[in-house]
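Here is the structure we will look at.
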Amino acid sequence: MNTNPARGMRDFLPEDVRRRQYVIGVIADVYQRYGFEPLETPAVENIETLLGKYGEEGDRLIFKILKRGEGAEAGQADLALRYDLTVPLARVVAEHRARLPKFFKRYQVQPVWRADRPQKGRFREFYQCDVDAIGSRAMVVEAELLSAAGDVLSRLGFASYTLRLNHRGVLSGLLEAAGVPAGLHGDALVALDKLDKVGPEGVAAELRQRGVPDAGAGMLLEFFSSVAAAQHTAAADPAAFNRAVLDRLETLLAGTRSEAMGELRDIVRLLVPGGAGAHVRLDPSLARGLSYYTGAIFEIAVPDLAGSLGGGGRYDNLIGMFLGSEVPACGISLGLERILVVMGERGMFPDNLAKAPADVMVTQWSVDGVPDALRLAAELRSEGLRVEVYPEADKLGRQLKYASSRAIPFVTVVGDEEAATGMVTVKNLGTGEQQRVPRAGVGGVLRRG
RNA sequence: GUGAGUGUAGCUCAGUGGUAGAGCUCCGGAUUGUGGAUCCGGCUGUCGCGGGUUCGAUCCCCGUCACUCACCCCA
C-alpha cells in the first residue's frame with residue numbers, strides 16, 4: 001500500500017503546522033491593522049463560476065469534479081475546486097452586495113487547488129493569503145495594499161524584497177507605441193515578462209519567434225534593459241528611480257494612455273516614505289498571466305527565488321461578470337508556501353516555535369495511582385499549565401527518557417513516599433535538579449522554573 | 001503538456017550479474033525511584049511495479065508508476 005499523500009499534496013506534521021500558524025498569525029494581524037475583515041468561502045464552486053476567468057492556461061489547471069449519480073458515467077463535471085480566492089470573492093460580492101459595506105475590505109487565508117505539475121515551492125494544494133479592497137477606484141487602495149503586503153514581509157523578517165509595480169494600460173500603450181499588432185500583445189507580454197530570466201537576447205529571440213516586428217521589439221527591449229540596469233542603483237533613492245521611469249514612460253507614450261500614467265504617478269506619490277514604499281519599484285516589463293487584471297499590477301520578489309512570493313492587481317471588470325454592473329476592485333495575494341520555503345531555507349523562524357508540547361509531564365507510578373495522577377494533572381491544568389500525562393505505569397527511567405525526548409522541561413513524580421505525605425517530587429529535566437514540595441505548591445514551582 | 005535525474009530497512013544513504021550493508025531512529029539490557037552521555041545486544045527489507053536478456057537480475061534492457069528538479073505557467 002502506497003502511503004504517500006496524493007501528488008502535489010502534503011501532510012503537515014506538528015512542527016509544520018506551528019510554522020504555518022505563526023506566519024498566518026502575522027499576516028492576519030497586519031491585515032487587521034489596515035481594517036480588513038476575514039472571509040471564508042467553500043472549497044468547491046460551480047464550474048461555470050471558475051471557467052473563463054483565468055485565461056486558457058488557467059482553465060486547463062482547474063481541478064474538476066465529476067457529476068454524481070446519473071451524470072457520473074458521462075464523465076462530465078459540474079463542480080470544481082477553487083483555483084484562487086479572487087474569483088470566489090467576486091462571486092461573494094455579487095451575491096451578498098446588499099449586506100456588505102460600500103467599501104468592502106477583506107482578507108482570506110484558505111487553500112486553493114491547481115492541477116499543475118509540482119515543483120520547488122509549487123504544490124497542487126496550497127494556501128493563498130489574499131487581501132482585497134472592493135468598491136473604490138482611488139489609488140489610495142493600491143498604495144495601502146502595497147504597504148500592507150510590505151508590512152507583512154518586514155514583520156516576518158524579510159529585509160530585501162521588491163514590490164514590483166506596473167500597469168496594464170501602460171503596457172498596452174508601450175506595445176502600441178512599438179507597433180506591435182493588437183493581436184500579438186498577449187504573446188509579446190509573455191516574452192517580455194521573462195526579461196530577468198532569459199536576458200535581452202532570449203527575449204528578442206522569443207519575440208521574433210512569436211511574430212513581433214523587429215523594429216518594435218528592439219525599441220521595447222532597449223527600454224526595458226536600460227530600466228533593468230538602473231534597478232541596481234535604485235536602492236539608494238527608490239522614489240527618484242520611480243520618478244525617472246515615469247518620465248521615460250511619459251516620453252515613450254507621447255501623451256497616450258494619460259489615465260493609466262496618472263494612476264501610476266498617484267500610486268508612487270501616495271506611498272508612505274520609510275515604510276513599504278522604499279521597496280516599491282516601477283517595472284515596465286512586469287506583465288502577469290491572469291487575464292482579469294485591468295489596471296495596476298503587482299508582484300513580490302525576493303532575491304534567489306525563481307518565481308514570486310505573491311502578486312496582484314486591479315480587476316475592475318471581474319465582479320461585473322457576476323453582477324452585471326461594474327464594481328471596482330484591487331487586491332494582493334501572498335503565497336504562504338513560498339514564504340515558508342524561503343523562511344525555512346534562511347532559518348527565519350523564531351526559536352520558540354520548536355517549543356515543547358507541554359510544560360510538565362505527570363509520571364505514573366502504579367495502576368493504583370492512576371486516578372490520583374489524573375487529579376494532579378487536572379489541578380495543574382486549572383492553573384493554566386500545559387500538562388501531558390504519561391499514559392502507562394512504566395519504569396520511571398523510561399518515562400523520564402520519553403519526557404526528555406519530547407523536550408518537556410519538568411516531570412512530577414508521586415511514589416509511595418510522596419503519596420503517604422501529600423508531597424510531589426518535581427524534577428527539572430534541564431538542570432537535573434529536583435525537589436519535594438507540598439502538592440498545592442507544584443504549580444508555583446513550575447511557573448518559576 | 002515537454003525534458004532530465006532518482007527509486008535499496010522507519011529516516012539518510014552505500015553496494016554487487018551469484019537474492020544485501022552502514023549510520024541514525026526504534027526496542028531490550030548494563031541501571032526494576034531517575035532521563036540526555038557511554039557500552040552491549042536485537043528487530044525490520046516483496047532492492048518501486050511489470051516484462052525481457054541470462055543457468056541466475058537489486059544490478060543490464062524495455063515499459064510503467066512515484067518522487068525531485070527544470071521548461072511552460074504560476075503563489
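Going through the C-alpha cells in order, the chains are called A, B, and so on, while each chain numbers its residues from 1 and the ligands are numbered from 1 in the order shown.
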Who sits within 10 Å of U32 of chain B, only C-alpha atoms (C1' of nucleotides), same chain under 2 positions skipped, as a list in words: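 Once the adjacent positions are removed, what remains is Lys395, Leu396 and Gly397 of chain A.
For Met343 of chain A, the non-local neighbours within 12 Å, defined as residues at least 2 positions apart in the same chain or in other chains and counting only C-alpha atoms (C1' of nucleotides), are Arg19, Arg20, Tyr22, Val23, Gly121, Leu153, Leu156, Gly157, Phe158, Ala159, Val302, Leu305, Leu309, Leu336, Glu337, Arg338, Ile339, Leu340, Val341, Glu345, Arg346, Gly347, Met348, Phe349 and Pro350 of chain A.
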Using only C-alpha atoms (C1' of nucleotides) and a distance of at most 8 Å, pull out the residues of chain A that contact chain B, as number ranges by chain. A: 57, 119-120, 122, 128, 289, 307-311, 333-338, 395-404, 415, 429
Using only C-alpha atoms (C1' of nucleotides), which protein or nucleic acid residues come within 8 Å of segment 101-118 of chain A? Drop anything in the same chain fewer than 3 positions from it, and give the result as a VMD selection string. chain A and resid 7 to 8 24 28 31 35 to 40 43 60 to 63 81 to 85 97 to 98 122 to 136
What does the file look like for those residues with C-alpha atoms, as a compact mmCIF listing (two decimals), in the first residue's frame?
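Result went into part_17.txt, see below:
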```txt
# COMPACT_ATOMS: atom_id res chain seq x y z
CA ARG A 7 0.61 14.03 -5.92
CA GLY A 8 1.38 17.63 -5.04
CA ILE A 24 -0.71 33.15 9.12
CA ALA A 28 -3.90 38.28 9.79
CA TYR A 31 -4.17 42.99 7.61
CA GLY A 35 -9.07 47.40 8.57
CA PHE A 36 -9.50 44.24 6.54
CA GLU A 37 -12.09 41.71 7.72
CA PRO A 38 -11.91 37.93 7.50
CA LEU A 39 -13.85 35.92 4.90
CA GLU A 40 -14.12 32.21 4.12
CA ALA A 43 -13.60 24.71 -1.33
CA ARG A 60 -6.68 23.80 -18.01
CA LEU A 61 -5.36 23.65 -14.46
CA ILE A 62 -8.73 23.71 -12.69
CA PHE A 63 -9.47 20.54 -10.69
CA LEU A 81 -12.14 23.08 -6.57
CA ARG A 82 -11.44 26.78 -6.25
CA TYR A 83 -8.40 27.91 -8.24
CA ASP A 84 -7.79 31.13 -6.34
CA LEU A 85 -9.52 33.31 -3.77
CA ARG A 97 -23.76 43.05 -2.06
CA ALA A 98 -26.64 44.41 -0.01
CA ARG A 122 4.80 24.71 -6.11
CA PHE A 123 2.07 22.34 -4.99
CA ARG A 124 -1.33 21.20 -6.11
CA GLU A 125 -2.89 22.24 -2.84
CA PHE A 126 -1.55 25.44 -1.36
CA TYR A 127 -2.65 28.32 0.78
CA GLN A 128 -3.12 31.79 -0.52
CA CYS A 129 -3.34 34.82 1.73
CA ASP A 130 -5.41 37.40 -0.10
CA VAL A 131 -6.31 40.97 0.74
CA ASP A 132 -8.69 42.84 -1.48
CA ALA A 133 -10.50 46.15 -1.35
CA ILE A 134 -13.79 46.37 -3.22
CA GLY A 135 -15.69 49.47 -4.29
CA SER A 136 -13.15 52.21 -4.89
```
Going by DSSP on the backbone, which bits of segment 28-162 of chain A are helix (DSSP H, G or I)? Write them as a VMD selection string, please. chain A and resid 28 to 33 47 to 50 55 to 60 69 to 74 86 to 99 140 to 156
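Note that atom CA of Leu146 of chain A and atom CA of Glu45 of chain A are 29.0 Å apart.
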Skip segment 21-25 of chain B itself and residues of its chain fewer than 6 positions away, then list as a list in words all residues within 9 Å of it, counting only C-alpha atoms (C1' of nucleotides).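 So the residues in contact are G10, C11, U12, C13, A14 and G15 of chain B.
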Which residues are near segment 424-426 of chain A? Cut-off 10 Å, only C-alpha atoms (C1' of nucleotides), ignore same chain within fewer than 6 positions. Put them as number ranges by chain. A: 360-362, 376, 410-415, 417-418, 433-443, 445-446
Write out as a ChimeraX atom specification which residues come within 8 Å of segment 49-58 of chain B when counting only C-alpha atoms (C1' of nucleotides), dropping same-chain ones fewer than 4 positions away. /B:8,17-19,62-65
Can you pull out every residue from segment 52-269 of chain A that DSSP, working from the backbone, puts in strand (DSSP E or B), and format the result as a VMD selection string? chain A and resid 64 to 66 77 to 81 104 to 113 119 122 125 to 134 162 to 167
What does the structure give for the distance between atom CA of Ile319 of chain A and atom CA of Val87 of chain A, in Å to one decimal?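 Interatomic distance, atom CA of Ile319 of chain A to atom CA of Val87 of chain A: 8.1 Å.
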Do a neighbour search on Arg265 of chain A at 12 Å with only C-alpha atoms (C1' of nucleotides), toss out local chain neighbours closer than 2 positions, and write the hits as number ranges by chain. A: 139-140, 142-143, 165-167, 170, 239, 242-247, 249-250, 258-263, 267-271, 282, 296
Restricting the output to N, CA, C and O atoms, write the selected residues as a tab-separated table (two decimals), in the first residue's frame.
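Output contents, as saved in again.tsv:
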```tsv
chain	number	residue	atom	x	y	z
A	139	MET	N	-6.51	55.43	-6.05
A	139	MET	CA	-5.21	54.77	-5.96
A	139	MET	C	-4.72	54.64	-4.51
A	139	MET	O	-3.72	54.01	-4.24
A	140	VAL	N	-5.50	55.25	-3.59
A	140	VAL	CA	-5.22	55.01	-2.16
A	140	VAL	C	-5.26	53.50	-1.89
A	140	VAL	O	-4.48	52.97	-1.10
A	142	GLU	N	-4.45	50.98	-3.93
A	142	GLU	CA	-3.20	50.35	-4.36
A	142	GLU	C	-2.08	50.64	-3.37
A	142	GLU	O	-1.33	49.75	-2.99
A	143	ALA	N	-2.00	51.92	-2.95
A	143	ALA	CA	-0.92	52.31	-2.04
A	143	ALA	C	-1.03	51.56	-0.71
A	143	ALA	O	-0.03	51.09	-0.16
A	165	LEU	N	5.92	47.00	-9.55
A	165	LEU	CA	4.67	47.70	-9.87
A	165	LEU	C	4.64	48.04	-11.35
A	165	LEU	O	5.63	48.51	-11.91
A	166	ASN	N	3.50	47.79	-11.98
A	166	ASN	CA	3.31	48.17	-13.38
A	166	ASN	C	1.82	48.40	-13.61
A	166	ASN	O	1.02	48.32	-12.67
A	167	HIS	N	1.44	48.67	-14.83
A	167	HIS	CA	0.05	48.98	-15.15
A	167	HIS	C	-0.28	48.38	-16.51
A	167	HIS	O	0.45	48.57	-17.47
A	170	VAL	N	-0.53	50.93	-19.28
A	170	VAL	CA	0.76	51.45	-19.74
A	170	VAL	C	1.44	50.42	-20.64
A	170	VAL	O	2.03	50.75	-21.67
A	239	ALA	N	12.50	56.50	-4.70
A	239	ALA	CA	11.50	57.46	-5.20
A	239	ALA	C	12.00	58.14	-6.47
A	239	ALA	O	11.26	58.28	-7.45
A	242	ASN	N	11.81	55.72	-9.36
A	242	ASN	CA	10.45	55.56	-9.89
A	242	ASN	C	10.03	56.78	-10.71
A	242	ASN	O	9.40	56.63	-11.75
A	243	ARG	N	10.39	57.98	-10.24
A	243	ARG	CA	10.02	59.18	-11.00
A	243	ARG	C	10.71	59.19	-12.36
A	243	ARG	O	10.12	59.55	-13.37
A	244	ALA	N	11.98	58.75	-12.37
A	244	ALA	CA	12.71	58.73	-13.64
A	244	ALA	C	12.06	57.76	-14.63
A	244	ALA	O	11.92	58.05	-15.82
A	245	VAL	N	11.64	56.60	-14.12
A	245	VAL	CA	10.98	55.63	-15.00
A	245	VAL	C	9.67	56.22	-15.53
A	245	VAL	O	9.34	56.08	-16.71
A	246	LEU	N	8.94	56.90	-14.65
A	246	LEU	CA	7.68	57.52	-15.08
A	246	LEU	C	7.93	58.52	-16.20
A	246	LEU	O	7.18	58.56	-17.19
A	247	ASP	N	8.97	59.33	-16.05
A	247	ASP	CA	9.25	60.34	-17.07
A	247	ASP	C	9.58	59.68	-18.40
A	247	ASP	O	9.14	60.13	-19.47
A	249	LEU	N	8.59	56.77	-19.42
A	249	LEU	CA	7.35	56.20	-19.96
A	249	LEU	C	6.53	57.30	-20.62
A	249	LEU	O	5.98	57.11	-21.71
A	250	GLU	N	6.46	58.44	-19.96
A	250	GLU	CA	5.70	59.56	-20.48
A	250	GLU	C	6.18	59.91	-21.89
A	250	GLU	O	5.39	60.10	-22.81
A	258	SER	N	-3.02	58.58	-20.88
A	258	SER	CA	-2.78	59.53	-19.80
A	258	SER	C	-3.44	59.07	-18.50
A	258	SER	O	-2.94	59.33	-17.41
A	259	GLU	N	-4.58	58.36	-18.62
A	259	GLU	CA	-5.26	57.93	-17.40
A	259	GLU	C	-4.40	56.89	-16.66
A	259	GLU	O	-4.19	56.99	-15.45
A	260	ALA	N	-3.89	55.93	-17.39
A	260	ALA	CA	-3.06	54.89	-16.76
A	260	ALA	C	-1.80	55.51	-16.17
A	260	ALA	O	-1.40	55.18	-15.04
A	261	MET	N	-1.20	56.44	-16.91
A	261	MET	CA	0.00	57.10	-16.39
A	261	MET	C	-0.31	57.88	-15.12
A	261	MET	O	0.47	57.87	-14.16
A	262	GLY	N	-1.46	58.54	-15.10
A	262	GLY	CA	-1.86	59.28	-13.92
A	262	GLY	C	-2.01	58.36	-12.72
A	262	GLY	O	-1.63	58.71	-11.59
A	263	GLU	N	-2.56	57.17	-12.95
A	263	GLU	CA	-2.74	56.23	-11.84
A	263	GLU	C	-1.39	55.78	-11.29
A	263	GLU	O	-1.19	55.71	-10.07
A	267	ILE	N	-0.01	56.36	-7.44
A	267	ILE	CA	0.44	55.30	-6.52
A	267	ILE	C	1.81	55.65	-5.97
A	267	ILE	O	2.04	55.59	-4.75
A	268	VAL	N	2.71	56.00	-6.84
A	268	VAL	CA	4.08	56.31	-6.41
A	268	VAL	C	4.08	57.49	-5.44
A	268	VAL	O	4.78	57.49	-4.43
A	269	ARG	N	3.23	58.49	-5.74
A	269	ARG	CA	3.18	59.69	-4.91
A	269	ARG	C	2.62	59.37	-3.52
A	269	ARG	O	3.03	59.96	-2.52
A	270	LEU	N	1.67	58.42	-3.45
A	270	LEU	CA	0.96	58.17	-2.19
A	270	LEU	C	1.72	57.24	-1.26
A	270	LEU	O	1.34	57.07	-0.10
A	271	LEU	N	2.76	56.60	-1.76
A	271	LEU	CA	3.48	55.66	-0.91
A	271	LEU	C	4.10	56.40	0.26
A	271	LEU	O	4.74	57.44	0.10
A	282	LEU	N	8.95	50.59	-9.85
A	282	LEU	CA	8.26	50.54	-11.13
A	282	LEU	C	9.02	49.61	-12.05
A	282	LEU	O	10.25	49.70	-12.16
A	296	ALA	N	-3.43	48.67	-12.38
A	296	ALA	CA	-2.13	48.44	-11.76
A	296	ALA	C	-1.94	46.95	-11.51
A	296	ALA	O	-2.90	46.23	-11.23
```
Between atom CA of Leu79 of chain A and atom CA of Val92 of chain A, what distance in Å does the model show, to one decimal?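 That distance, rounded to one decimal, is 16.8 Å.
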